[in-house]
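**Q** Have a peek at work.cif (mmCIF, C-alpha atoms and all ligand atoms).
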data_input
loop_
_atom_site.label_atom_id
_atom_site.label_comp_id
_atom_site.auth_asym_id
_atom_site.auth_seq_id
_atom_site.Cartn_x
_atom_site.Cartn_y
_atom_site.Cartn_z
CA MET A 18 0.00 0.00 0.00
CA VAL A 19 1.33 3.46 -0.92
CA PRO A 20 -0.76 6.26 0.61
CA PHE A 21 -1.06 9.48 -1.41
CA LEU A 22 0.05 11.53 1.60
CA ASP A 23 1.31 10.52 5.04
CA LEU A 24 0.37 13.14 7.66
CA LYS A 25 1.28 11.02 10.69
CA SER A 26 5.00 10.38 10.08
CA PRO A 27 5.98 14.10 10.15
CA TYR A 28 4.72 14.26 13.74
CA ASP A 29 6.35 10.93 14.67
CA GLU A 30 9.72 12.17 13.39
CA LEU A 31 9.54 15.46 15.33
CA LYS A 32 7.46 14.32 18.33
CA PRO A 33 9.84 15.39 21.15
CA GLU A 34 10.37 18.86 19.62
CA ILE A 35 6.69 19.41 18.79
CA ASP A 36 5.49 18.17 22.18
CA ALA A 37 7.93 20.53 23.92
CA ALA A 38 6.82 23.47 21.78
CA ILE A 39 3.15 22.83 22.55
CA GLN A 40 3.88 22.43 26.26
CA ARG A 41 5.77 25.75 26.21
CA VAL A 42 2.64 27.53 24.88
CA LEU A 43 0.37 25.81 27.40
CA ASP A 44 2.70 26.84 30.23
CA SER A 45 2.90 30.43 28.99
CA GLY A 46 -0.85 31.07 29.36
CA TRP A 47 -0.71 33.26 26.21
CA PHE A 48 -3.12 32.06 23.53
CA ILE A 49 -3.66 34.88 20.99
CA LEU A 50 -0.81 36.59 19.04
CA GLY A 51 2.09 37.45 21.37
CA PRO A 52 5.73 36.29 21.53
CA GLU A 53 5.32 32.82 19.96
CA VAL A 54 3.56 34.25 16.88
CA GLU A 55 6.07 37.11 16.60
CA ALA A 56 9.01 34.70 16.80
CA PHE A 57 7.56 32.58 14.00
CA GLU A 58 6.86 35.66 11.88
CA ARG A 59 10.49 36.81 12.23
CA ALA A 60 11.86 33.36 11.38
CA PHE A 61 9.58 32.87 8.38
CA ALA A 62 10.27 36.38 6.99
CA ALA A 63 14.02 35.71 7.21
CA TYR A 64 13.57 32.33 5.52
CA CYS A 65 11.70 34.03 2.62
CA HIS A 66 14.23 36.90 2.31
CA ALA A 67 11.38 39.30 3.08
CA ALA A 68 11.42 42.15 5.60
CA GLU A 69 8.21 41.07 7.32
CA ALA A 70 5.74 38.24 7.72
CA VAL A 71 2.20 38.86 8.94
CA SER A 72 0.48 35.64 9.97
CA THR A 73 -3.23 34.95 9.46
CA ALA A 74 -5.74 32.24 10.31
CA ASN A 75 -5.38 30.44 6.94
CA GLY A 76 -4.12 30.80 3.38
CA LEU A 77 -7.37 32.09 1.92
CA ASP A 78 -7.41 34.94 4.45
CA ALA A 79 -3.75 35.70 3.65
CA LEU A 80 -4.68 36.14 -0.02
CA HIS A 81 -7.86 38.09 0.75
CA LEU A 82 -6.29 40.46 3.30
CA ALA A 83 -3.22 41.03 1.09
CA LEU A 84 -5.49 42.08 -1.79
CA LEU A 85 -7.44 44.40 0.54
CA ALA A 86 -4.15 45.88 1.78
CA MET A 87 -3.32 46.54 -1.90
CA ASP A 88 -6.60 48.52 -2.14
CA VAL A 89 -8.38 45.98 -4.33
CA GLY A 90 -12.14 46.53 -4.15
CA PRO A 91 -15.42 46.48 -6.08
CA GLY A 92 -15.01 47.23 -9.80
CA ASP A 93 -11.34 46.17 -9.83
CA GLU A 94 -9.87 43.24 -11.76
CA VAL A 95 -7.16 40.82 -10.69
CA ILE A 96 -5.35 38.54 -13.15
CA VAL A 97 -5.37 34.93 -11.92
CA PRO A 98 -4.34 31.59 -13.47
CA SER A 99 -7.15 29.66 -15.17
CA ASN A 100 -5.80 26.47 -13.51
CA THR A 101 -5.49 26.87 -9.77
CA TYR A 102 -7.16 25.89 -6.53
CA ILE A 103 -10.36 27.92 -6.22
CA ALA A 104 -9.00 29.81 -3.16
CA THR A 105 -6.96 32.04 -5.49
CA TRP A 106 -10.15 33.18 -7.21
CA LEU A 107 -12.27 33.34 -4.03
CA ALA A 108 -9.84 35.80 -2.43
CA VAL A 109 -10.44 38.18 -5.35
CA SER A 110 -14.22 37.72 -5.17
CA GLN A 111 -14.18 38.34 -1.40
CA CYS A 112 -12.81 41.84 -2.14
CA GLY A 113 -15.76 42.47 -4.46
CA ALA A 114 -13.33 42.41 -7.40
CA THR A 115 -13.41 40.21 -10.51
CA PRO A 116 -10.92 37.40 -11.20
CA VAL A 117 -9.69 37.60 -14.81
CA PRO A 118 -8.31 34.18 -15.80
CA VAL A 119 -5.21 33.78 -17.95
CA GLU A 120 -4.07 30.39 -19.26
CA PRO A 121 -0.87 28.71 -18.03
CA ARG A 122 2.15 27.53 -19.96
CA ALA A 123 1.34 23.99 -21.09
CA ASP A 124 4.69 22.63 -19.87
CA THR A 125 5.07 24.26 -16.41
CA HIS A 126 1.34 24.67 -15.59
CA THR A 127 2.13 28.16 -14.20
CA LEU A 128 0.80 31.52 -15.44
CA ASP A 129 1.99 32.22 -19.01
CA PRO A 130 3.60 35.71 -19.03
CA THR A 131 3.12 36.01 -22.82
CA ARG A 132 -0.66 35.93 -22.37
CA VAL A 133 -0.92 38.40 -19.47
CA GLU A 134 -0.77 41.76 -21.25
CA ALA A 135 -3.77 40.96 -23.44
CA ALA A 136 -5.83 40.54 -20.24
CA ILE A 137 -4.89 43.92 -18.71
CA THR A 138 -7.62 46.59 -18.74
CA PRO A 139 -7.92 50.00 -17.05
CA LYS A 140 -9.56 48.14 -14.11
CA THR A 141 -6.64 45.76 -13.51
CA ARG A 142 -4.91 46.29 -10.13
CA VAL A 143 -2.95 43.15 -9.34
CA ILE A 144 -1.36 40.15 -11.09
CA LEU A 145 -1.74 37.03 -8.93
CA PRO A 146 0.52 34.18 -10.13
CA VAL A 147 0.35 30.82 -8.32
CA HIS A 148 3.45 28.70 -7.74
CA LEU A 149 1.34 25.66 -8.52
CA TYR A 150 2.48 22.22 -7.32
CA GLY A 151 5.57 23.97 -5.89
CA GLN A 152 6.81 25.02 -9.37
CA PRO A 153 7.79 28.71 -9.28
CA ALA A 154 5.97 30.87 -11.83
CA ASP A 155 8.19 32.82 -14.25
CA MET A 156 8.50 35.94 -12.07
CA ASP A 157 10.94 38.16 -14.03
CA PRO A 158 8.67 38.74 -17.07
CA LEU A 159 5.62 39.04 -14.77
CA CYS A 160 7.37 41.70 -12.64
CA ALA A 161 8.41 43.57 -15.82
CA ILE A 162 4.78 43.61 -17.05
CA ALA A 163 3.56 44.80 -13.64
CA ARG A 164 6.10 47.64 -13.63
CA ARG A 165 5.16 48.69 -17.18
CA HIS A 166 1.46 48.90 -16.28
CA GLY A 167 1.74 50.19 -12.70
CA LEU A 168 0.28 46.97 -11.23
CA ARG A 169 1.16 45.12 -8.06
CA ILE A 170 2.10 41.45 -7.80
CA LEU A 171 0.71 39.17 -5.11
CA GLU A 172 1.98 35.59 -5.35
CA ASP A 173 0.03 32.57 -4.14
CA GLY A 174 2.78 30.57 -2.41
CA ALA A 175 0.43 28.09 -0.69
CA GLN A 176 2.12 25.12 -2.41
CA SER A 177 5.67 26.38 -2.67
CA HIS A 178 7.40 26.87 0.71
CA GLY A 179 11.12 26.62 0.06
CA ALA A 180 10.97 26.86 -3.75
CA ARG A 181 13.46 29.17 -5.43
CA TYR A 182 13.25 31.28 -8.59
CA GLN A 183 16.53 32.31 -10.24
CA GLY A 184 18.30 31.05 -7.12
CA ARG A 185 16.39 33.30 -4.69
CA PRO A 186 13.60 32.19 -2.34
CA LEU A 187 10.01 33.06 -3.15
CA GLY A 188 9.26 36.14 -1.11
CA ALA A 189 12.08 38.15 -2.70
CA HIS A 190 10.36 38.82 -6.07
CA GLY A 191 6.83 40.33 -6.19
CA ASP A 192 5.24 42.84 -3.76
CA ALA A 193 3.95 40.12 -1.42
CA VAL A 194 3.46 36.36 -1.15
CA ALA A 195 0.47 34.73 0.53
CA TRP A 196 1.19 31.40 2.22
CA SER A 197 -0.93 28.59 3.67
CA PHE A 198 0.10 26.29 6.50
CA TYR A 199 -2.73 23.80 5.93
CA PRO A 200 -1.45 20.45 7.31
CA GLY A 201 -0.74 18.90 3.88
CA LYS A 202 1.43 21.78 2.61
CA ASN A 203 5.24 21.59 2.57
CA LEU A 204 5.26 23.71 5.74
CA GLY A 205 2.11 22.49 7.45
CA ALA A 206 0.66 23.21 10.89
CA LEU A 207 -1.50 20.86 12.97
CA GLY A 208 -4.55 22.80 11.82
CA ASP A 209 -5.16 25.95 9.78
CA GLY A 210 -2.67 28.79 9.40
CA GLY A 211 -1.43 31.35 6.88
CA ALA A 212 0.84 34.34 6.40
CA VAL A 213 1.79 37.13 4.04
CA THR A 214 5.45 37.99 3.50
CA THR A 215 6.41 41.39 2.12
CA SER A 216 9.24 43.89 2.16
CA ASP A 217 6.77 46.81 1.88
CA PRO A 218 6.41 48.19 5.45
CA ALA A 219 3.16 50.04 4.65
CA LEU A 220 1.58 46.85 3.32
CA ALA A 221 2.70 44.87 6.38
CA ASP A 222 1.32 47.55 8.69
CA ARG A 223 -2.10 47.53 6.97
CA LEU A 224 -2.18 43.72 7.17
CA ARG A 225 -1.47 43.72 10.91
CA VAL A 226 -4.42 46.06 11.43
CA LEU A 227 -6.76 44.21 9.02
CA ARG A 228 -6.16 40.77 10.59
CA ASN A 229 -6.90 42.04 14.11
CA TYR A 230 -10.33 43.75 14.00
CA GLY A 231 -8.92 46.82 12.26
CA SER A 232 -7.16 47.63 15.49
CA ARG A 233 -3.62 48.56 16.43
CA VAL A 234 -4.41 49.51 20.03
CA LYS A 235 -6.91 47.31 21.88
CA TYR A 236 -10.49 48.64 21.52
CA VAL A 237 -9.40 51.39 19.11
CA ASN A 238 -10.64 50.47 15.62
CA GLU A 239 -9.23 52.36 12.62
CA VAL A 240 -10.96 50.32 9.91
CA LYS A 241 -13.56 47.54 9.69
CA GLY A 242 -11.18 44.61 10.06
CA TRP A 243 -11.30 40.84 10.37
CA ASN A 244 -10.42 38.31 13.03
CA SER A 245 -7.77 36.27 11.23
CA ARG A 246 -4.87 35.41 13.52
CA LEU A 247 -2.43 32.52 13.62
CA ASP A 248 -2.83 30.51 16.82
CA PRO A 249 0.28 30.56 19.10
CA LEU A 250 0.07 26.75 19.34
CA GLN A 251 0.34 26.53 15.56
CA ALA A 252 3.09 29.17 15.50
CA ALA A 253 5.11 27.09 17.98
CA VAL A 254 4.68 23.96 15.84
CA LEU A 255 5.59 25.88 12.68
CA ARG A 256 8.80 27.17 14.31
CA VAL A 257 9.84 23.55 14.85
CA LYS A 258 8.89 22.45 11.34
CA LEU A 259 10.47 25.46 9.59
CA ALA A 260 13.88 24.27 10.81
CA HIS A 261 13.32 20.98 8.93
CA LEU A 262 11.74 22.40 5.77
CA ASP A 263 14.85 22.45 3.57
CA ALA A 264 15.86 18.91 4.53
CA TRP A 265 12.32 17.65 3.89
CA ASN A 266 12.19 19.48 0.54
CA ASP A 267 15.52 17.80 -0.34
CA ARG A 268 13.83 14.44 0.19
CA ARG A 269 10.94 15.53 -2.05
CA ARG A 270 13.41 16.58 -4.76
CA ALA A 271 15.19 13.21 -4.64
CA LEU A 272 11.85 11.39 -4.92
CA ALA A 273 10.77 13.63 -7.84
CA GLU A 274 14.04 12.87 -9.64
CA ARG A 275 13.47 9.18 -8.98
CA TYR A 276 9.97 9.37 -10.54
CA THR A 277 11.32 11.26 -13.56
CA ARG A 278 14.20 8.82 -14.12
CA GLY A 279 11.95 5.81 -13.60
CA LEU A 280 9.16 7.02 -15.90
CA ALA A 281 11.36 8.44 -18.70
CA ALA A 282 11.09 5.22 -20.72
CA VAL A 283 7.26 5.40 -20.95
CA ALA A 284 6.97 9.20 -21.32
CA GLY A 285 5.56 10.32 -24.69
CA PRO A 286 2.34 11.57 -26.24
CA ASP A 287 0.29 9.55 -23.71
CA LEU A 288 2.28 10.52 -20.63
CA THR A 289 3.84 13.91 -19.84
CA LEU A 290 6.16 14.31 -16.86
CA PRO A 291 6.73 17.61 -14.99
CA THR A 292 9.16 19.95 -16.75
CA CYS A 293 11.49 22.14 -14.80
CA PRO A 294 12.90 25.27 -16.52
CA ASP A 295 16.45 26.23 -15.55
CA TRP A 296 15.18 29.23 -13.49
CA ALA A 297 13.12 26.94 -11.29
CA ASP A 298 14.07 25.11 -8.14
CA PRO A 299 10.66 23.64 -7.25
CA ALA A 300 9.46 22.67 -3.77
CA TRP A 301 7.82 19.51 -5.22
CA HIS A 302 4.63 19.92 -3.22
CA LEU A 303 3.09 17.59 -5.80
CA TYR A 304 4.45 15.37 -8.57
CA VAL A 305 1.84 15.79 -11.31
CA ILE A 306 1.77 13.78 -14.53
CA THR A 307 -0.54 14.45 -17.47
CA THR A 308 -2.23 11.69 -19.45
CA PRO A 309 -5.31 11.51 -21.70
CA ARG A 310 -5.77 7.98 -20.29
CA ARG A 311 -6.11 9.25 -16.72
CA ALA A 312 -9.23 7.36 -15.62
CA ALA A 313 -7.78 3.98 -16.62
CA LEU A 314 -4.36 4.75 -15.14
CA GLN A 315 -5.85 5.97 -11.85
CA ALA A 316 -7.97 2.80 -11.68
CA ALA A 317 -4.87 0.63 -12.23
CA LEU A 318 -3.01 2.48 -9.47
CA THR A 319 -5.97 2.20 -7.08
CA GLN A 320 -6.18 -1.52 -7.87
CA ALA A 321 -2.51 -1.82 -6.88
CA GLY A 322 -3.14 -0.05 -3.54
CA ILE A 323 -1.55 3.25 -4.64
CA GLY A 324 -3.26 6.50 -3.64
CA THR A 325 -3.54 9.34 -6.18
CA LEU A 326 -5.45 12.63 -6.30
CA ILE A 327 -6.48 15.10 -8.99
CA HIS A 328 -5.42 18.74 -8.56
CA TYR A 329 -7.93 19.86 -9.72
CA PRO A 330 -10.77 17.99 -11.45
CA ILE A 331 -12.86 21.10 -12.28
CA ALA A 332 -11.28 24.41 -13.39
CA PRO A 333 -12.56 27.38 -11.33
CA HIS A 334 -14.43 28.91 -14.31
CA ARG A 335 -16.41 25.65 -14.71
CA GLN A 336 -17.45 25.56 -11.03
CA GLN A 337 -21.05 26.43 -10.22
CA ALA A 338 -19.65 29.06 -7.84
CA TYR A 339 -18.42 31.01 -10.91
CA ALA A 340 -21.41 30.45 -13.20
CA GLU A 341 -21.90 34.26 -13.04
CA LEU A 342 -18.85 34.74 -15.29
CA GLY A 343 -20.59 32.88 -18.11
CA LEU A 344 -17.40 31.07 -19.17
CA GLY A 345 -18.78 28.00 -20.93
CA PRO A 346 -16.99 24.80 -21.99
CA GLY A 347 -14.07 25.55 -24.31
CA SER A 348 -13.60 29.13 -23.07
CA LEU A 349 -10.30 28.27 -21.34
CA PRO A 350 -9.27 25.13 -23.22
CA LEU A 351 -5.89 24.59 -21.60
CA ALA A 352 -7.26 24.74 -18.04
CA GLU A 353 -10.07 22.41 -19.10
CA ARG A 354 -7.67 19.91 -20.70
CA LEU A 355 -5.45 19.93 -17.61
CA ALA A 356 -8.50 19.35 -15.39
CA ASP A 357 -9.21 16.25 -17.50
CA GLU A 358 -5.64 14.92 -17.67
CA VAL A 359 -3.59 15.77 -14.54
CA LEU A 360 -2.87 13.11 -11.93
CA SER A 361 -0.88 13.64 -8.71
CA LEU A 362 1.28 10.69 -7.63
CA PRO A 363 2.18 9.98 -3.98
CA MET A 364 4.66 12.58 -2.69
CA GLY A 365 5.98 13.75 0.65
CA PRO A 366 9.09 13.75 2.82
CA HIS A 367 8.14 10.41 4.37
CA LEU A 368 7.51 8.54 1.11
CA GLN A 369 10.15 5.83 0.66
CA PRO A 370 12.22 5.39 -2.53
CA ALA A 371 11.00 1.78 -2.73
CA GLN A 372 7.42 3.08 -2.76
CA VAL A 373 8.26 5.38 -5.67
CA ASP A 374 9.71 2.34 -7.49
CA GLU A 375 6.44 0.48 -6.85
CA VAL A 376 4.41 3.34 -8.37
CA VAL A 377 6.81 3.55 -11.32
CA GLY A 378 6.41 -0.20 -11.87
CA VAL A 379 2.61 -0.04 -12.04
CA ILE A 380 2.65 2.95 -14.43
CA THR A 381 5.30 1.33 -16.64
CA ARG A 382 3.32 -1.90 -16.93
CA PHE A 383 0.16 0.11 -17.69
CA PHE A 384 1.71 1.95 -20.64
CA GLN A 385 3.69 -1.05 -21.93
CA ALA A 386 0.53 -3.16 -22.03
CA ALA A 387 -1.14 -0.62 -24.28
C1 LIG B 1 -4.08 25.47 0.04
C2 LIG B 1 -4.18 26.55 -0.96
C3 LIG B 1 -4.77 27.80 -0.66
C4 LIG B 1 -5.58 28.07 0.57
O1 LIG B 1 -5.02 27.79 1.76
P1 LIG B 1 -5.92 27.49 3.07
O2 LIG B 1 -4.93 27.61 4.17
O3 LIG B 1 -6.48 26.13 2.90
O4 LIG B 1 -6.98 28.53 3.14
C5 LIG B 1 -4.69 28.80 -1.59
N1 LIG B 1 -4.11 28.61 -2.79
C6 LIG B 1 -3.57 27.43 -3.13
C7 LIG B 1 -2.94 27.29 -4.48
C8 LIG B 1 -3.61 26.35 -2.24
O5 LIG B 1 -3.08 25.18 -2.60
#
Now, as a test, write the supplied structure out as C-alpha cells.
**A**
Amino acid sequence: MVPFLDLKSPYDELKPEIDAAIQRVLDSGWFILGPEVEAFERAFAAYCHAAEAVSTANGLDALHLALLAMDVGPGDEVIVPSNTYIATWLAVSQCGATPVPVEPRADTHTLDPTRVEAAITPKTRVILPVHLYGQPADMDPLCAIARRHGLRILEDGAQSHGARYQGRPLGAHGDAVAWSFYPGKNLGALGDGGAVTTSDPALADRLRVLRNYGSRVKYVNEVKGWNSRLDPLQAAVLRVKLAHLDAWNDRRRALAERYTRGLAAVAGPDLTLPTCPDWADPAWHLYVITTPRRAALQAALTQAGIGTLIHYPIAPHRQQAYAELGLGPGSLPLAERLADEVLSLPMGPHLQPAQVDEVVGVITRFFQAA
C-alpha cells in the first residue's frame, strides 16, 4: 500500500520537539498573538528573504487580506491563473473584485507571461501568479509587465514553501506572497494557518491592522477589520517544522528525480512528466503527470493499492460558484484539458524510494501493455 500523503510520520519524526513546543505555549498562558507568533513571523520572513511576515488564520485569508491591503475593491480586476485551486479566485471575489483568468504555460502549468498583457484593462490592479504544485511561476517577465502597467504582484505561495526562482527564495520577487500552513502543505501546521510575507512596510502595517479587528491599540478600531490570527500553538509547531523544511524538501526533490528517471522510458504523447525550466528550483509539493488515459491509469493504481489525487478535477471557471462569469466549456481550453488529464502521484518527505519504485512499476506496466 502506498498512501497518497502521510500526515502522521511528520509528527512521529519530530514528536519530542513538537510536544515541547506545545507544552511551552500551554505553560505560557498566552493564547492569541504574542511572543510565539512574533518569533515565527520573524523566522519565516528571514527564511523568505522578506522584511516582514504577517500571519493569518489560513491561506485564503492571507490572499484576501493582502489584496485588501493593496486597495483591491469592487469594480477592480485581478489577473489569476485559469488552472489553480479555487482559493486564489475566491480571495479576489471576497474583495468584491473580478478574477480575470489567464491560461498557463502547457509545460510548467504556471501563469503564461506572454498571455498576461492581453488581459490587462484600465480596471486591472494586481497580477496574482500561483506557484502551482511547488513550481515557481516565471516571475521576471511578470514583474516587468507589472512595472510597465503600474500593477502590483501578489503571489500565491500556498504550495511552494522553500521553492526558489533564479536562485532566490520566493518572497524576494513580487510585492507580497500569501502562504498557507494547511497540514498537507510543505510547511504544514497541525490545523489551519497562513501568512503574508512582504518587504513593503506600509503593506505589512495595513495587514497587521486588518487581521486584528482593524485595530492597532486594543479597543481602538481604525478600519472595519477581520479576526484572522495565527494561533500561538500553531506558531510554535511551525517554528519547529520550519527548521526541517529544507531537509524535507531535499527528500521531495530526490523522490521527484526518482519518478522522472523511472518514468522516462514510458513518457511520450500519452504521458507527460513535470518539466522544470532552468530558473526553477521547485518545492515539489506535488508530482503531477498528465495523461489523456487518466481514468484507466488511476484505476490501475488504485487496484494496486496506490493513492492518487487530482489537482484539480474542475477548473474554477467551470465551477457552479463562478457560473456568473458565463465562461462555458471551451472558453479556457488549456485549463479544461489539464482538469481532464492531470494526476498527482504519492509525494511527501516520508515517502520511501522503494514506494516510488512500486508506483513507477505499475505505471510502466500500464503503458507497456497498451
Ligand atoms: C491550500 C491553498 C490555498 C488556501 O489555503 P488554506 O490555508 O487552505 O486557506 C490557496 N491557494 C492554493 C494554491 C492552495 O493550494
**Q** To check your reading of the model: which residues sit at most 8 Å from ligand LIG 1 (chain B) when counting only C-alpha atoms and all ligand atoms? Write the answer as a list in words.
**A**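 So, counting only C-alpha atoms and all ligand atoms, the residues near ligand LIG 1 (chain B) are Ala74, Asn75, Gly76, Leu77, Asp78, Ala79, Leu80, Thr101, Tyr102, Ile103, Ala104, Thr105, Val147, His148, Leu149, Tyr150, Asp173, Gly174, Ala175, Gln176, Trp196, Ser197, Phe198, Tyr199, Lys202, Asp209, Gly210 and Gly211 of chain A.
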**Q** Counting all atoms listed in the file, which residues come within 10 Å of (-12.2, 46.0, -9.6), with the point read in the file's coordinates, and could you list them as a PyMOL selection string?
**A** chain A and resi 88-95+109-110+112-116+139-143
**Q** What does the distance from atom CA of A:Ser72 to atom CA of A:Pro366 come to in Å, to one decimal?
**A**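 According to the coordinates, atom CA of A:Ser72 and atom CA of A:Pro366 are separated by 24.6 Å.
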**Q** Report the closest atom pair, with its distance in Å rounded to one decimal, for each residue of stretch 147-232 of chain A that has an atom no farther than 12 Å from stretch 283-295 of chain A; count all atoms listed in the file, sort by chain and then rising residue number, and write it as a tab-separated table.
**A**
residue	atom	partner	partner_atom	distance
A:Leu149	CA	A:Pro291	CA	11.6
A:Tyr150	CA	A:Pro291	CA	9.9
A:Gly151	CA	A:Cys293	CA	10.9
A:Gln152	CA	A:Cys293	CA	7.7
A:Pro153	CA	A:Cys293	CA	9.3
A:Ala154	CA	A:Pro294	CA	10.1
A:Asp155	CA	A:Pro294	CA	9.2
A:Arg181	CA	A:Asp295	CA	11.0
A:Tyr182	CA	A:Asp295	CA	9.2
A:Gln183	CA	A:Asp295	CA	8.1
A:Gly184	CA	A:Asp295	CA	9.9
**Q** Please measure the separation of atom CA of A:Arg223 and atom CA of A:Tyr236, giving the value in Å to one decimal.
**A**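 Computing it gives 16.8 Å between the two atoms.
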**Q** What does the distance between atom CA of A:Ala219 and atom CA of A:Ala86 come to in Å, to one decimal place?
**A**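 Here the two named atoms are 8.9 Å from each other.
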**Q** Can you list, as a list in words, every protein, DNA or RNA residue that comes within 9 Å of A:Val71 when you count only C-alpha atoms, leaving out same-chain residues fewer than 2 positions away?
**A**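 The residues that qualify are Glu55, Glu58, Ala62, Glu69, Thr73, Ala79, Gly211, Ala212, Val213, Thr214, Thr215, Ala221, Asp222, Leu224, Arg225 and Arg228 of chain A.
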**Q** Go through A:Asp192, A:Asp374, A:Asp129, A:Glu134 one by one, measure the shortest atom-to-atom distance of each to A:Leu84 using only C-alpha atoms, and give the residue with the smallest value.
**A**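 Checking each of A:Asp192, A:Asp374, A:Asp129, A:Glu134 against A:Leu84, counting only C-alpha atoms, the winner is A:Asp192.
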**Q** Give me the residues near A:Arg41 as a VMD selection string, where near means some atom within 12 Å (using only C-alpha atoms) and where sequence neighbours in that chain fewer than 2 positions away do not count.
**A** chain A and resid 34 to 39 43 to 48 52 to 53 249 to 254
**Q** In file coordinates, which residues lie within 6 Å of (-4.4, 15.4, -11.9) using all atoms listed in the file, given as a list in words?
**A**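 Here is the list of nearby residues: Ile327, His328, Glu358, Val359, Leu360 and Ser361 of chain A.
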**Q** Tell me which of A:Leu351, A:Ala356, A:Val376, A:Ala163 sits closest to A:Ile323, counting only C-alpha atoms.
**A**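 The closest residue to A:Ile323 is A:Val376.
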**Q** Using all atoms listed in the file, determine which residues lie at most 9 Å from stretch 340-350 of chain A, disregarding the query and same-chain residues fewer than 5 positions distant; provide the list as a ChimeraX atom specification.
**A** /A:99,118-120,332,334-335,355
**Q** Would you output that residue set with C-alpha atoms, as a tab-separated table (two decimals), in the frame of the given file?
**A**
chain	number	residue	atom	x	y	z
A	99	SER	CA	-7.15	29.66	-15.17
A	118	PRO	CA	-8.31	34.18	-15.80
A	119	VAL	CA	-5.21	33.78	-17.95
A	120	GLU	CA	-4.07	30.39	-19.26
A	332	ALA	CA	-11.28	24.41	-13.39
A	334	HIS	CA	-14.43	28.91	-14.31
A	335	ARG	CA	-16.41	25.65	-14.71
A	355	LEU	CA	-5.45	19.93	-17.61
**Q** With only C-alpha atoms as the basis for distance, which of A:Gly188, A:Pro309, A:Pro218, A:Leu227 is at the shortest distance from A:Ala63?
**A** A:Gly188
**Q** Using all atoms listed in the file, which of A:Val97, A:Ala189, A:Val377, A:Ala136 sits nearest A:Ala67?
**A**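 Closest candidate: A:Ala189.
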**Q** Given all atoms listed in the file as the basis, pick out the residue of A:Leu82, A:Leu303, A:Val54, A:Leu128 nearest to A:Gly201.
**A**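 Going through A:Leu82, A:Leu303, A:Val54, A:Leu128 one by one, the smallest distance to A:Gly201 is for A:Leu303.
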**Q** Pick out the residues sitting within 12 Å of A:Leu24, and hand them over as an NGL selection string; count only C-alpha atoms, and ignore anything fewer than 3 positions along from it in its own chain.
**A** :A and (20-21 or 27-30 or 199-208 or 364-368)
**Q** Just checking: using all atoms listed in the file, which residue out of A:Leu318, A:Val226, A:Ala135, A:Leu259 ends up closest to A:Arg246?
**A**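 Selected residue with least distance to A:Arg246: A:Val226.
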**Q** For stretch 355-359 of chain A, supply all heavy atoms and report the output as a JSON list (two decimals), in the coordinates of the input.
**A**
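Wrote it out as out09.json, contents follow:
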[["chain", "number", "residue", "atom", "x", "y", "z"],
["A", 355, "LEU", "N", -6.22, 20.35, -18.78],
["A", 355, "LEU", "CA", -5.45, 19.93, -17.61],
["A", 355, "LEU", "C", -6.38, 19.31, -16.55],
["A", 355, "LEU", "O", -6.04, 18.31, -15.93],
["A", 355, "LEU", "CB", -4.66, 21.11, -17.03],
["A", 355, "LEU", "CG", -3.51, 21.59, -17.93],
["A", 355, "LEU", "CD1", -2.88, 22.86, -17.37],
["A", 355, "LEU", "CD2", -2.44, 20.50, -18.10],
["A", 356, "ALA", "N", -7.55, 19.90, -16.37],
["A", 356, "ALA", "CA", -8.50, 19.35, -15.39],
["A", 356, "ALA", "C", -8.87, 17.91, -15.76],
["A", 356, "ALA", "O", -9.13, 17.08, -14.88],
["A", 356, "ALA", "CB", -9.75, 20.22, -15.31],
["A", 357, "ASP", "N", -8.86, 17.60, -17.05],
["A", 357, "ASP", "CA", -9.21, 16.25, -17.50],
["A", 357, "ASP", "C", -8.03, 15.29, -17.45],
["A", 357, "ASP", "O", -8.22, 14.07, -17.51],
["A", 357, "ASP", "CB", -9.73, 16.29, -18.95],
["A", 357, "ASP", "CG", -11.10, 16.93, -19.04],
["A", 357, "ASP", "OD1", -11.80, 16.98, -18.01],
["A", 357, "ASP", "OD2", -11.48, 17.38, -20.15],
["A", 358, "GLU", "N", -6.79, 15.80, -17.44],
["A", 358, "GLU", "CA", -5.64, 14.92, -17.67],
["A", 358, "GLU", "C", -4.62, 14.86, -16.54],
["A", 358, "GLU", "O", -3.76, 13.97, -16.54],
["A", 358, "GLU", "CB", -4.92, 15.35, -18.98],
["A", 358, "GLU", "CG", -5.80, 15.20, -20.20],
["A", 358, "GLU", "CD", -5.05, 15.41, -21.51],
["A", 358, "GLU", "OE1", -3.86, 15.80, -21.48],
["A", 358, "GLU", "OE2", -5.67, 15.18, -22.57],
["A", 359, "VAL", "N", -4.64, 15.79, -15.57],
["A", 359, "VAL", "CA", -3.59, 15.77, -14.54],
["A", 359, "VAL", "C", -3.87, 14.67, -13.50],
["A", 359, "VAL", "O", -5.02, 14.35, -13.19],
["A", 359, "VAL", "CB", -3.44, 17.13, -13.81],
["A", 359, "VAL", "CG1", -2.87, 18.18, -14.73],
["A", 359, "VAL", "CG2", -4.76, 17.58, -13.20]]
